[in-house]
Every structure is written in structure tokens, then in C-alpha cells.
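A.B. asks: start-v7.cif (mmCIF, C-alpha atoms and all ligand atoms) pasted underneath:
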data_upload
loop_
_atom_site.label_atom_id
_atom_site.label_comp_id
_atom_site.auth_asym_id
_atom_site.auth_seq_id
_atom_site.Cartn_x
_atom_site.Cartn_y
_atom_site.Cartn_z
CA MET A 1317 -78.59 -87.17 160.43
CA PRO A 1318 -75.74 -89.35 159.05
CA SER A 1319 -73.25 -87.17 160.94
CA LEU A 1320 -75.24 -87.71 164.15
CA LEU A 1321 -75.18 -91.46 163.65
CA TRP A 1322 -71.49 -91.35 162.79
CA ARG A 1323 -70.75 -89.49 166.02
CA ARG A 1324 -72.92 -91.85 168.04
CA PHE A 1325 -71.24 -95.02 166.76
CA GLY A 1326 -67.81 -93.39 166.87
CA ARG A 1327 -68.21 -92.95 170.61
CA GLY A 1328 -68.70 -96.67 171.30
CA SER A 1329 -70.33 -98.00 174.46
CA ALA A 1330 -70.35 -95.87 177.60
CA THR A 1331 -70.92 -98.89 179.84
CA SER A 1332 -67.91 -99.98 181.90
CA SER A 1333 -66.52 -103.50 181.65
CA TRP A 1334 -67.07 -106.08 184.37
CA PRO A 1335 -65.32 -107.11 186.54
CA ALA A 1336 -64.98 -103.37 187.04
CA VAL A 1337 -61.65 -101.74 186.32
CA VAL A 1338 -61.96 -98.96 188.87
CA SER A 1339 -59.99 -95.76 188.56
CA PRO A 1340 -58.13 -94.86 191.77
CA ARG A 1341 -59.62 -92.09 193.91
CA PRO A 1342 -56.78 -91.25 196.29
CA ASP A 1343 -58.77 -88.60 198.17
CA GLY A 1344 -61.60 -91.02 198.97
CA ALA A 1345 -59.80 -94.32 199.40
CA GLN A 1346 -59.60 -96.31 202.60
CA PRO A 1347 -56.07 -96.93 203.94
CA VAL A 1348 -54.07 -100.08 203.30
CA PHE A 1349 -52.19 -101.54 206.26
CA ASP A 1350 -48.59 -102.79 206.27
CA ALA A 1351 -48.10 -104.90 209.41
CA THR A 1352 -44.31 -104.98 208.96
CA ARG A 1353 -44.11 -101.20 209.54
CA CYS A 1354 -46.54 -100.97 212.46
CA ASP A 1355 -44.94 -100.41 215.90
CA LEU A 1356 -48.33 -100.12 217.71
CA ASN A 1357 -47.73 -96.47 218.70
CA GLY A 1358 -51.51 -95.83 218.53
CA ALA A 1359 -51.40 -92.41 216.81
CA CYS A 1360 -53.88 -93.57 214.18
CA ALA A 1361 -56.41 -94.78 216.77
CA THR A 1362 -56.22 -91.43 218.58
CA ALA A 1363 -56.69 -89.48 215.35
CA CYS A 1364 -59.54 -91.56 213.89
CA PRO A 1365 -62.74 -89.53 214.37
CA VAL A 1366 -65.07 -92.54 214.18
CA GLY A 1367 -63.27 -95.13 216.29
CA ALA A 1368 -62.53 -97.37 213.31
CA ILE A 1369 -59.04 -98.25 214.56
CA ARG A 1370 -58.14 -100.11 217.73
CA VAL A 1371 -54.54 -100.50 218.82
CA ASP A 1372 -53.76 -102.42 221.99
CA ALA A 1373 -51.92 -105.73 221.78
CA ALA A 1374 -52.55 -105.66 218.02
CA PHE A 1375 -53.76 -103.31 215.26
CA ALA A 1376 -57.34 -103.63 214.00
CA LEU A 1377 -59.07 -101.47 211.39
CA ASP A 1378 -62.83 -101.85 210.99
CA ARG A 1379 -63.55 -101.02 207.34
CA ALA A 1380 -67.28 -100.90 208.05
CA ARG A 1381 -66.72 -97.84 210.27
CA CYS A 1382 -64.07 -96.10 208.14
CA ILE A 1383 -65.18 -92.92 206.35
CA SER A 1384 -61.95 -92.48 204.32
CA CYS A 1385 -60.95 -89.22 206.00
CA ARG A 1386 -57.22 -90.15 205.77
CA ARG A 1387 -56.31 -88.73 209.18
CA CYS A 1388 -54.72 -92.02 210.22
CA ILE A 1389 -52.52 -91.97 207.11
CA GLU A 1390 -51.37 -88.42 207.88
CA VAL A 1391 -50.44 -89.08 211.52
CA CYS A 1392 -48.83 -92.53 211.22
CA PRO A 1393 -45.10 -91.92 211.87
CA THR A 1394 -43.98 -95.28 210.47
CA HIS A 1395 -46.12 -95.12 207.30
CA ALA A 1396 -47.80 -98.41 208.16
CA LEU A 1397 -50.99 -96.91 206.74
CA ALA A 1398 -51.07 -95.60 203.19
CA PRO A 1399 -53.65 -94.67 200.59
CA GLY A 1400 -54.15 -97.34 197.99
CA LEU A 1401 -57.54 -99.03 197.96
CA THR A 1402 -59.82 -98.12 195.08
CA PHE A 1403 -62.65 -99.23 197.32
CA ALA A 1404 -63.14 -101.59 200.25
CA GLU A 1405 -64.65 -104.91 199.17
CA PRO A 1406 -68.13 -105.86 200.45
CA ALA A 1407 -68.29 -108.82 202.84
CA ARG A 1408 -70.84 -111.24 204.24
CA THR A 1409 -69.93 -110.61 207.86
CA ARG A 1410 -68.72 -107.65 209.90
CA ALA A 1411 -65.73 -109.70 211.04
CA GLU A 1412 -64.49 -110.02 207.45
CA LEU A 1413 -64.29 -106.22 207.24
CA VAL A 1414 -61.77 -106.00 210.06
CA VAL A 1415 -58.13 -105.67 208.97
CA PRO A 1416 -56.07 -107.83 209.55
CA ALA A 1417 -58.71 -110.31 208.37
CA GLY A 1418 -61.17 -111.71 210.92
CA ASP A 1419 -63.27 -114.86 210.76
CA GLY A 1420 -65.74 -115.29 207.89
CA GLY A 1421 -68.79 -117.52 207.88
CA MET A 1422 -72.11 -116.76 206.20
CA ARG A 1423 -75.64 -116.79 207.54
CA ALA A 1424 -77.08 -120.26 206.99
CA ALA A 1425 -80.54 -118.87 206.21
CA ALA A 1426 -79.19 -116.94 203.24
CA GLY A 1427 -78.00 -120.08 201.44
CA ARG A 1428 -81.45 -120.92 200.04
CA ALA A 1429 -81.98 -117.33 198.89
CA ARG A 1430 -78.77 -117.45 196.93
CA ARG A 1431 -79.84 -120.68 195.22
CA VAL A 1432 -83.38 -119.51 194.38
CA LEU A 1433 -82.79 -115.92 193.30
CA GLY A 1434 -80.42 -116.83 190.46
CA ARG A 1435 -80.15 -114.35 187.65
CA SER A 1436 -83.13 -112.06 188.17
CA LEU A 1437 -83.01 -109.82 191.19
CA HIS A 1438 -85.47 -107.17 192.30
CA VAL A 1439 -84.21 -104.62 194.77
CA ARG A 1440 -86.10 -102.30 197.08
CA HIS A 1441 -84.05 -99.40 198.44
CA LEU A 1442 -84.81 -98.24 201.98
CA ASP A 1443 -83.32 -95.00 203.32
CA ALA A 1444 -83.13 -95.49 207.07
CA GLY A 1445 -81.61 -92.13 207.94
CA SER A 1446 -78.81 -91.45 205.48
CA CYS A 1447 -77.24 -88.15 204.42
CA ASN A 1448 -78.22 -89.15 200.85
CA GLY A 1449 -74.60 -89.71 199.76
CA CYS A 1450 -75.15 -93.47 199.53
CA ASP A 1451 -78.51 -92.97 197.87
CA TRP A 1452 -76.91 -90.98 195.08
CA GLU A 1453 -74.38 -93.75 194.53
CA ILE A 1454 -77.23 -96.28 194.28
CA ASN A 1455 -78.81 -93.94 191.75
CA ALA A 1456 -75.53 -93.98 189.80
CA THR A 1457 -75.66 -97.78 189.48
CA THR A 1458 -78.57 -97.33 187.07
CA ASN A 1459 -76.81 -94.90 184.73
CA ALA A 1460 -75.30 -95.79 181.35
CA VAL A 1461 -71.80 -96.27 182.78
CA HIS A 1462 -72.65 -98.75 185.54
CA ASP A 1463 -75.84 -100.15 183.98
CA ILE A 1464 -76.93 -102.45 186.82
CA GLN A 1465 -79.70 -103.87 184.61
CA ARG A 1466 -77.15 -105.79 182.52
CA PHE A 1467 -76.86 -108.12 185.54
CA GLY A 1468 -80.62 -108.71 185.63
CA ILE A 1469 -80.92 -106.42 188.65
CA ASP A 1470 -83.76 -103.90 188.82
CA LEU A 1471 -84.90 -101.42 191.45
CA VAL A 1472 -88.59 -101.77 192.33
CA ALA A 1473 -91.03 -99.53 194.17
CA SER A 1474 -92.58 -102.03 196.55
CA PRO A 1475 -91.06 -104.46 199.06
CA ARG A 1476 -93.72 -106.95 197.95
CA HIS A 1477 -91.96 -107.17 194.58
CA ALA A 1478 -88.44 -107.26 196.03
CA ASP A 1479 -85.93 -110.05 196.66
CA VAL A 1480 -83.33 -107.77 198.25
CA LEU A 1481 -83.67 -104.91 200.69
CA LEU A 1482 -80.90 -102.38 200.09
CA VAL A 1483 -80.56 -100.34 203.28
CA THR A 1484 -78.75 -97.01 203.62
CA GLY A 1485 -78.48 -94.85 206.73
CA THR A 1486 -77.75 -95.36 210.37
CA MET A 1487 -81.21 -96.84 211.15
CA THR A 1488 -82.64 -93.94 213.07
CA ARG A 1489 -85.01 -94.79 215.91
CA ASN A 1490 -88.09 -93.45 214.14
CA LEU A 1491 -87.39 -95.66 211.11
CA GLU A 1492 -86.89 -98.91 212.99
CA ILE A 1493 -90.56 -99.94 212.78
CA ALA A 1494 -90.78 -98.93 209.11
CA ALA A 1495 -87.66 -100.98 208.33
CA ARG A 1496 -89.06 -104.03 210.11
CA ARG A 1497 -92.41 -103.69 208.32
CA THR A 1498 -90.69 -103.29 204.96
CA TYR A 1499 -88.72 -106.48 205.59
CA ASP A 1500 -91.84 -108.32 206.76
CA ALA A 1501 -93.67 -107.30 203.55
CA MET A 1502 -91.09 -109.15 201.43
CA SER A 1503 -91.68 -112.78 200.58
CA ASP A 1504 -89.14 -115.52 201.23
CA PRO A 1505 -86.41 -116.01 200.21
CA ARG A 1506 -85.19 -112.48 200.87
CA LEU A 1507 -81.84 -110.83 201.43
CA VAL A 1508 -80.65 -107.65 203.13
CA VAL A 1509 -77.65 -105.62 201.91
CA ALA A 1510 -76.39 -102.78 204.11
CA VAL A 1511 -74.86 -100.01 201.98
CA GLY A 1512 -72.37 -97.54 203.41
CA ALA A 1513 -70.69 -96.99 206.74
CA CYS A 1514 -73.95 -95.84 208.34
CA ALA A 1515 -75.91 -98.96 207.49
CA ALA A 1516 -72.95 -101.30 207.95
CA SER A 1517 -71.96 -100.05 211.40
CA GLY A 1518 -73.80 -96.89 212.46
CA SER A 1519 -70.61 -94.85 211.81
CA PRO A 1520 -69.97 -91.91 211.59
CA TYR A 1521 -72.85 -91.01 213.89
CA PRO A 1522 -72.64 -92.12 217.52
CA GLU A 1523 -75.55 -94.12 218.84
CA GLY A 1524 -77.99 -91.81 220.59
CA TYR A 1525 -81.60 -91.04 221.28
CA ALA A 1526 -82.27 -90.58 217.55
CA SER A 1527 -79.54 -92.46 215.67
CA GLY A 1528 -79.02 -96.19 215.70
CA ARG A 1529 -76.29 -98.77 215.25
CA GLY A 1530 -76.83 -99.63 211.60
CA ALA A 1531 -79.08 -102.03 209.72
CA ALA A 1532 -77.90 -105.17 211.53
CA SER A 1533 -79.40 -103.90 214.80
CA ILE A 1534 -82.89 -104.43 213.31
CA LEU A 1535 -82.54 -106.65 210.24
CA PRO A 1536 -80.64 -109.86 209.37
CA VAL A 1537 -77.98 -108.37 207.10
CA ASP A 1538 -76.47 -110.73 204.50
CA VAL A 1539 -73.86 -108.42 202.97
CA PHE A 1540 -72.12 -105.32 204.30
CA VAL A 1541 -70.86 -102.77 201.75
CA PRO A 1542 -68.30 -100.45 203.39
CA GLY A 1543 -67.54 -96.88 202.29
CA CYS A 1544 -68.77 -93.38 202.92
CA PRO A 1545 -70.25 -93.47 200.41
CA PRO A 1546 -69.36 -96.72 198.60
CA ARG A 1547 -68.66 -96.46 194.90
CA PRO A 1548 -71.34 -97.79 192.51
CA GLU A 1549 -69.00 -100.67 191.63
CA ALA A 1550 -68.91 -101.68 195.31
CA ILE A 1551 -72.72 -101.61 195.55
CA ILE A 1552 -73.05 -103.81 192.44
CA GLN A 1553 -70.38 -106.11 193.86
CA GLY A 1554 -72.32 -106.34 197.14
CA LEU A 1555 -75.53 -107.35 195.35
CA LEU A 1556 -73.72 -109.98 193.27
CA LEU A 1557 -72.04 -111.28 196.42
CA ALA A 1558 -75.44 -111.58 198.10
CA VAL A 1559 -76.68 -113.97 195.42
CA GLY A 1560 -73.38 -115.80 194.95
CA ARG A 1561 -72.67 -114.38 191.49
CA LEU A 1562 -69.54 -112.44 192.19
CA THR A 1563 -67.28 -114.85 190.33
CA GLY A 1564 -69.58 -115.04 187.30
CA PRO A 1565 -68.42 -114.46 183.74
CA ARG A 1566 -67.75 -110.96 182.40
CA ARG A 1567 -70.74 -109.53 180.57
S1 LIG A 1601 -62.08 -92.97 209.35
FE1 LIG A 1601 -60.80 -94.39 208.15
S2 LIG A 1601 -59.34 -93.06 207.05
FE2 LIG A 1601 -60.27 -91.81 208.72
S3 LIG A 1601 -58.82 -92.05 210.45
FE3 LIG A 1601 -60.43 -93.62 210.72
S4 LIG A 1601 -59.58 -95.46 209.70
FE4 LIG A 1601 -58.37 -93.69 208.99
S1 LIG A 1602 -72.29 -93.85 204.87
FE1 LIG A 1602 -71.58 -91.73 204.53
S2 LIG A 1602 -72.45 -91.16 202.52
FE2 LIG A 1602 -73.58 -92.98 203.25
S3 LIG A 1602 -75.35 -92.15 204.33
FE3 LIG A 1602 -73.74 -92.45 205.88
S4 LIG A 1602 -72.69 -90.49 206.03
FE4 LIG A 1602 -73.86 -90.47 204.13
#
As C-alpha cells, please, write out the structure in this file.

C.D. replies:
Amino acid sequence: MPSLLWRRFGRGSATSSWPAVVSPRPDGAQPVFDATRCDLNGACATACPVGAIRVDAAFALDRARCISCRRCIEVCPTHALAPGLTFAEPARTRAELVVPAGDGGMRAAAGRARRVLGRSLHVRHLDAGSCNGCDWEINATTNAVHDIQRFGIDLVASPRHADVLLVTGTMTRNLEIAARRTYDAMSDPRLVVAVGACAASGSPYPEGYASGRGAASILPVDVFVPGCPPRPEAIIQGLLLAVGRLTGPRR
């Protein structure tokens, strides 16, 4: 028994520090853009399988659509695109996720929610047609390493108990009504956080008879968390951003 205790205390705490010091994941990182090297040749836009890059008079990369496949990095002859991001930061608007930076601006209706919800946040997860990659990352936020409960955030089973709706998936047609009803079952003030490329933009699936255009096509999204899938740190960051706590003290 003493040796067990000795080993346990010798190991220290498994929980990561916050703000998160994220280890690089070069194989899954979104590209960084160097405007000084870009000659607008358009090779990246042609190679991108999800239409995340547009090159005409200027270069634009939509991080909400990017699935980190790295094809653009491989084909860029001037090395204007390179691996480097640990993860793409969540944002309050789709425009803020476009590189070079677009216009910001937050939904006025969300201001009250951010004031009222304070330090205790109950989250209902809704899978609206995901591959389950994002859902596993949400699951990981509750483990000992990421420990989302240290922020006063808890996942709940009913939208009636929830302050935030955490949406994953492309918002398939047959889940549109369920998503709307789930949102309607929540009491005010309420927030919506779209997790992953699918929910943030509908990417990588094209809009069709069964798949949709992401959560914002049905719900008033307050925060978009890019990534396919986003890392647990990005999901936690998105929730803290939704309630205006992102710059809070380390705990
Ligand atoms: S999905 Fe992202 S990483 Fe892949 S080619 Fe498009 S912009 Fe580049
Ligand atoms: S964003 Fe990627 S990981 Fe998440 S549900 Fe869509 S395809 Fe799966």
C-alpha cells in the first residue's frame, strides 16, 4: 500500500496546464500562410479537395473548411504555405476564420448570454451527422488530461438543463428538425458552438440531398471551432470564448 501511494504521488497531476501548452502535431496541423512568398499561382486552390482556398486577385484560406490534409503545402512552389499551427483558433464569426483576417463582429444577442452564464456552464452535445471524430475529441475534454470540469463546464443529458448547444456534424437534412427542437427546448440565455469543419462550414461533404451546410444553416452559431477534428484544447477554448472567459486566469 505505501508503495502504491508513493507511486501515485510521485507521478504528480496528469491534468494539463491552462492556457494550454499544446504539443505540435505536424501531420494534422492547418497551414500557415506567408503573404510575402505568395505569387498567386493558384496551385493550392486547385489541389485543395474541399475548396478551402480561393486565389483570384488575392489569396484566401477558409480555416472553417480546412481538413488539414496538407495537399496545398505539398504543391505550393513558392513555399508560401507551410505546416506550423498547433491548431486553428476558434472564432465568433466565419469571417474571422478566413486568412488573411476578415472582419470580426459578434452576434449582439449573445452578449447577454455571456454576462449571465458566468462561471458555471452546462453543455448539451448534439451530433448532427458527424463521422464521430469530433465526438471523440469532445469525449477527450472530460478525461484527466483536459479535465473540462475544472472550468465549471459539465456535459448534461438534456437540452432543458443546458446553456450551450455543442453541435458536431454537417447538419444532415433528417436532423434539421431535431436540431431546431433541441435548441427550442433550451431556456434563454443560450449559446451555440459549432465544433469541427462539418459543423462550422459543412466541409468536407458537399451540400446534397442528405448533407447540409453546417450548423449555422439552422441555428444561430456563436462560436465556430475549426479543425477536422479539432483538438480538445480547441473545443475548450471555443466554449470559454463563447462565455467571454478566454482571457481568464490560469487554473
Ligand atoms: S484542406 Fe486545408 S490543408 Fe488540405 S489543401 Fe485545403 S487548405 Fe490545404
Ligand atoms: S469535422 Fe472531420 S472529424 Fe469532425 S465530424 Fe466532420 S469529418 Fe468527422

A.B. asks: Please list, as a ChimeraX atom specification, the residues that have an atom at most 9 Å away from (-80.8, -100.9, 204.0) in the coordinates of this file, counting only C-alpha atoms.

C.D. replies: /A:1440-1444,1481-1487,1495,1508-1511,1515-1516,1530-1531,1535,1537

A.B. asks: So how far away is atom CA of Val1472 of chain A from atom CA of Thr1458 of chain A, in Å?

C.D. replies: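 Computed distance, atom CA of Thr1458 of chain A to atom CA of Val1472 of chain A, equals 12.2 Å.
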
A.B. asks: Using atom FE4 of ligand LIG 1601 (chain A) and atom CA of Ile1551 of chain A as the two end points, give the distance in Å to one decimal.

C.D. replies: 21.2 Å

A.B. asks: Which of these residues is nearest to ligand LIG 1601 (chain A), using only C-alpha atoms and all ligand atoms: A:Ala1411, A:Pro1520, A:Ser1446, A:Val1439?

C.D. replies: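 Of all the options, A:Pro1520 lies closest to ligand LIG 1601 (chain A).
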
A.B. asks: Closest to His1462 of chain A among A:Asn1357, A:Ser1319, A:Gln1553, A:Thr1352, using only C-alpha atoms?

C.D. replies: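 Ranked by minimum distance to His1462 of chain A, first place goes to A:Gln1553.
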
A.B. asks: Given a cut-off of 9 Å, what residues near ligand LIG 1601 (chain A) show up using all atoms listed in the file, put as a JSON list (two decimals) with C-alpha atoms, keeping the file's coordinate frame?

C.D. replies:
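Saved file part34.json follows:
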[["chain", "number", "residue", "atom", "x", "y", "z"],
["A", 1344, "GLY", "CA", -61.60, -91.02, 198.97],
["A", 1345, "ALA", "CA", -59.80, -94.32, 199.40],
["A", 1346, "GLN", "CA", -59.60, -96.31, 202.60],
["A", 1347, "PRO", "CA", -56.07, -96.93, 203.94],
["A", 1360, "CYS", "CA", -53.88, -93.57, 214.18],
["A", 1361, "ALA", "CA", -56.41, -94.78, 216.77],
["A", 1362, "THR", "CA", -56.22, -91.43, 218.58],
["A", 1363, "ALA", "CA", -56.69, -89.48, 215.35],
["A", 1364, "CYS", "CA", -59.54, -91.56, 213.89],
["A", 1365, "PRO", "CA", -62.74, -89.53, 214.37],
["A", 1366, "VAL", "CA", -65.07, -92.54, 214.18],
["A", 1367, "GLY", "CA", -63.27, -95.13, 216.29],
["A", 1368, "ALA", "CA", -62.53, -97.37, 213.31],
["A", 1369, "ILE", "CA", -59.04, -98.25, 214.56],
["A", 1377, "LEU", "CA", -59.07, -101.47, 211.39],
["A", 1378, "ASP", "CA", -62.83, -101.85, 210.99],
["A", 1379, "ARG", "CA", -63.55, -101.02, 207.34],
["A", 1381, "ARG", "CA", -66.72, -97.84, 210.27],
["A", 1382, "CYS", "CA", -64.07, -96.10, 208.14],
["A", 1383, "ILE", "CA", -65.18, -92.92, 206.35],
["A", 1384, "SER", "CA", -61.95, -92.48, 204.32],
["A", 1385, "CYS", "CA", -60.95, -89.22, 206.00],
["A", 1386, "ARG", "CA", -57.22, -90.15, 205.77],
["A", 1387, "ARG", "CA", -56.31, -88.73, 209.18],
["A", 1388, "CYS", "CA", -54.72, -92.02, 210.22],
["A", 1389, "ILE", "CA", -52.52, -91.97, 207.11],
["A", 1390, "GLU", "CA", -51.37, -88.42, 207.88],
["A", 1391, "VAL", "CA", -50.44, -89.08, 211.52],
["A", 1397, "LEU", "CA", -50.99, -96.91, 206.74],
["A", 1399, "PRO", "CA", -53.65, -94.67, 200.59],
["A", 1520, "PRO", "CA", -69.97, -91.91, 211.59]]

A.B. asks: Which residue, A:Asp1355, A:Asp1538, A:Arg1506, A:Ile1454, has the smallest gap to ligand LIG 1602 (chain A) when you use all atoms listed in the file?

C.D. replies: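 Selected residue with least distance to ligand LIG 1602 (chain A): A:Ile1454.
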
A.B. asks: How would you write, as a PyMOL selection string, the set of residues no farther than 6 Å from ligand LIG 1602 (chain A) when counting all atoms listed in the file?

C.D. replies: chain A and resi 1446-1450+1484-1485+1512-1514+1544-1545

A.B. asks: Dump as a count of residues only all residues having an atom at most 6 Å from (-69.3, -99.6, 200.2), computed in the file's coordinates with only C-alpha atoms.

C.D. replies: 7

A.B. asks: Rounded to one decimal place, report the atom CA of Ala1396 of chain A-atom CA of Val1348 of chain A distance in Å.

C.D. replies: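 Computing the Euclidean distance for atom CA of Ala1396 of chain A and atom CA of Val1348 of chain A yields 8.1 Å.
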
A.B. asks: What lies within 10 Å of Ala1374 of chain A using only C-alpha atoms, ignoring chain neighbours under 4 positions off, as an mmCIF file with C-alpha atoms, in the frame of the given file?

C.D. replies:
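What ended up in result36.cif:
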data_model
loop_
_atom_site.group_PDB
_atom_site.id
_atom_site.type_symbol
_atom_site.label_atom_id
_atom_site.label_comp_id
_atom_site.auth_asym_id
_atom_site.auth_seq_id
_atom_site.Cartn_x
_atom_site.Cartn_y
_atom_site.Cartn_z
ATOM 1 C CA ALA A 1351 -48.100 -104.900 209.410
ATOM 2 C CA CYS A 1354 -46.540 -100.970 212.460
ATOM 3 C CA ASP A 1355 -44.940 -100.410 215.900
ATOM 4 C CA LEU A 1356 -48.330 -100.120 217.710
ATOM 5 C CA GLY A 1358 -51.510 -95.830 218.530
ATOM 6 C CA ARG A 1370 -58.140 -100.110 217.730
ATOM 7 C CA PRO A 1416 -56.070 -107.830 209.550
#

A.B. asks: Would you list the contacts of Arg1435 of chain A as a list in words, taking every protein, DNA or RNA residue within 10 Å and counting only C-alpha atoms, but skipping same-chain residues closer than 6 positions in sequence?

C.D. replies: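 Contacts, with the query itself left out: Phe1467, Gly1468, Ile1469, Leu1556, Val1559 and Arg1561 of chain A.
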
A.B. asks: Using all atoms listed in the file, which of the listed residues (A:Ala1376, A:Leu1437, A:Ala1336, A:Leu1491) sits closest to Gln1465 of chain A?

C.D. replies: A:Leu1437

A.B. asks: Using all atoms listed in the file, which of the listed residues (A:Asp1504, A:Glu1492, A:Leu1557, A:Asn1459) sits closest to Ile1534 of chain A?

C.D. replies: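 Result for the nearest residue to Ile1534 of chain A: A:Glu1492.
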
A.B. asks: May I have the residues within 9 Å of Ala1456 of chain A as a ChimeraX atom specification, using all atoms listed in the file and disregarding those fewer than 5 positions away in the same chain?

C.D. replies: /A:1451,1461-1463,1547-1548
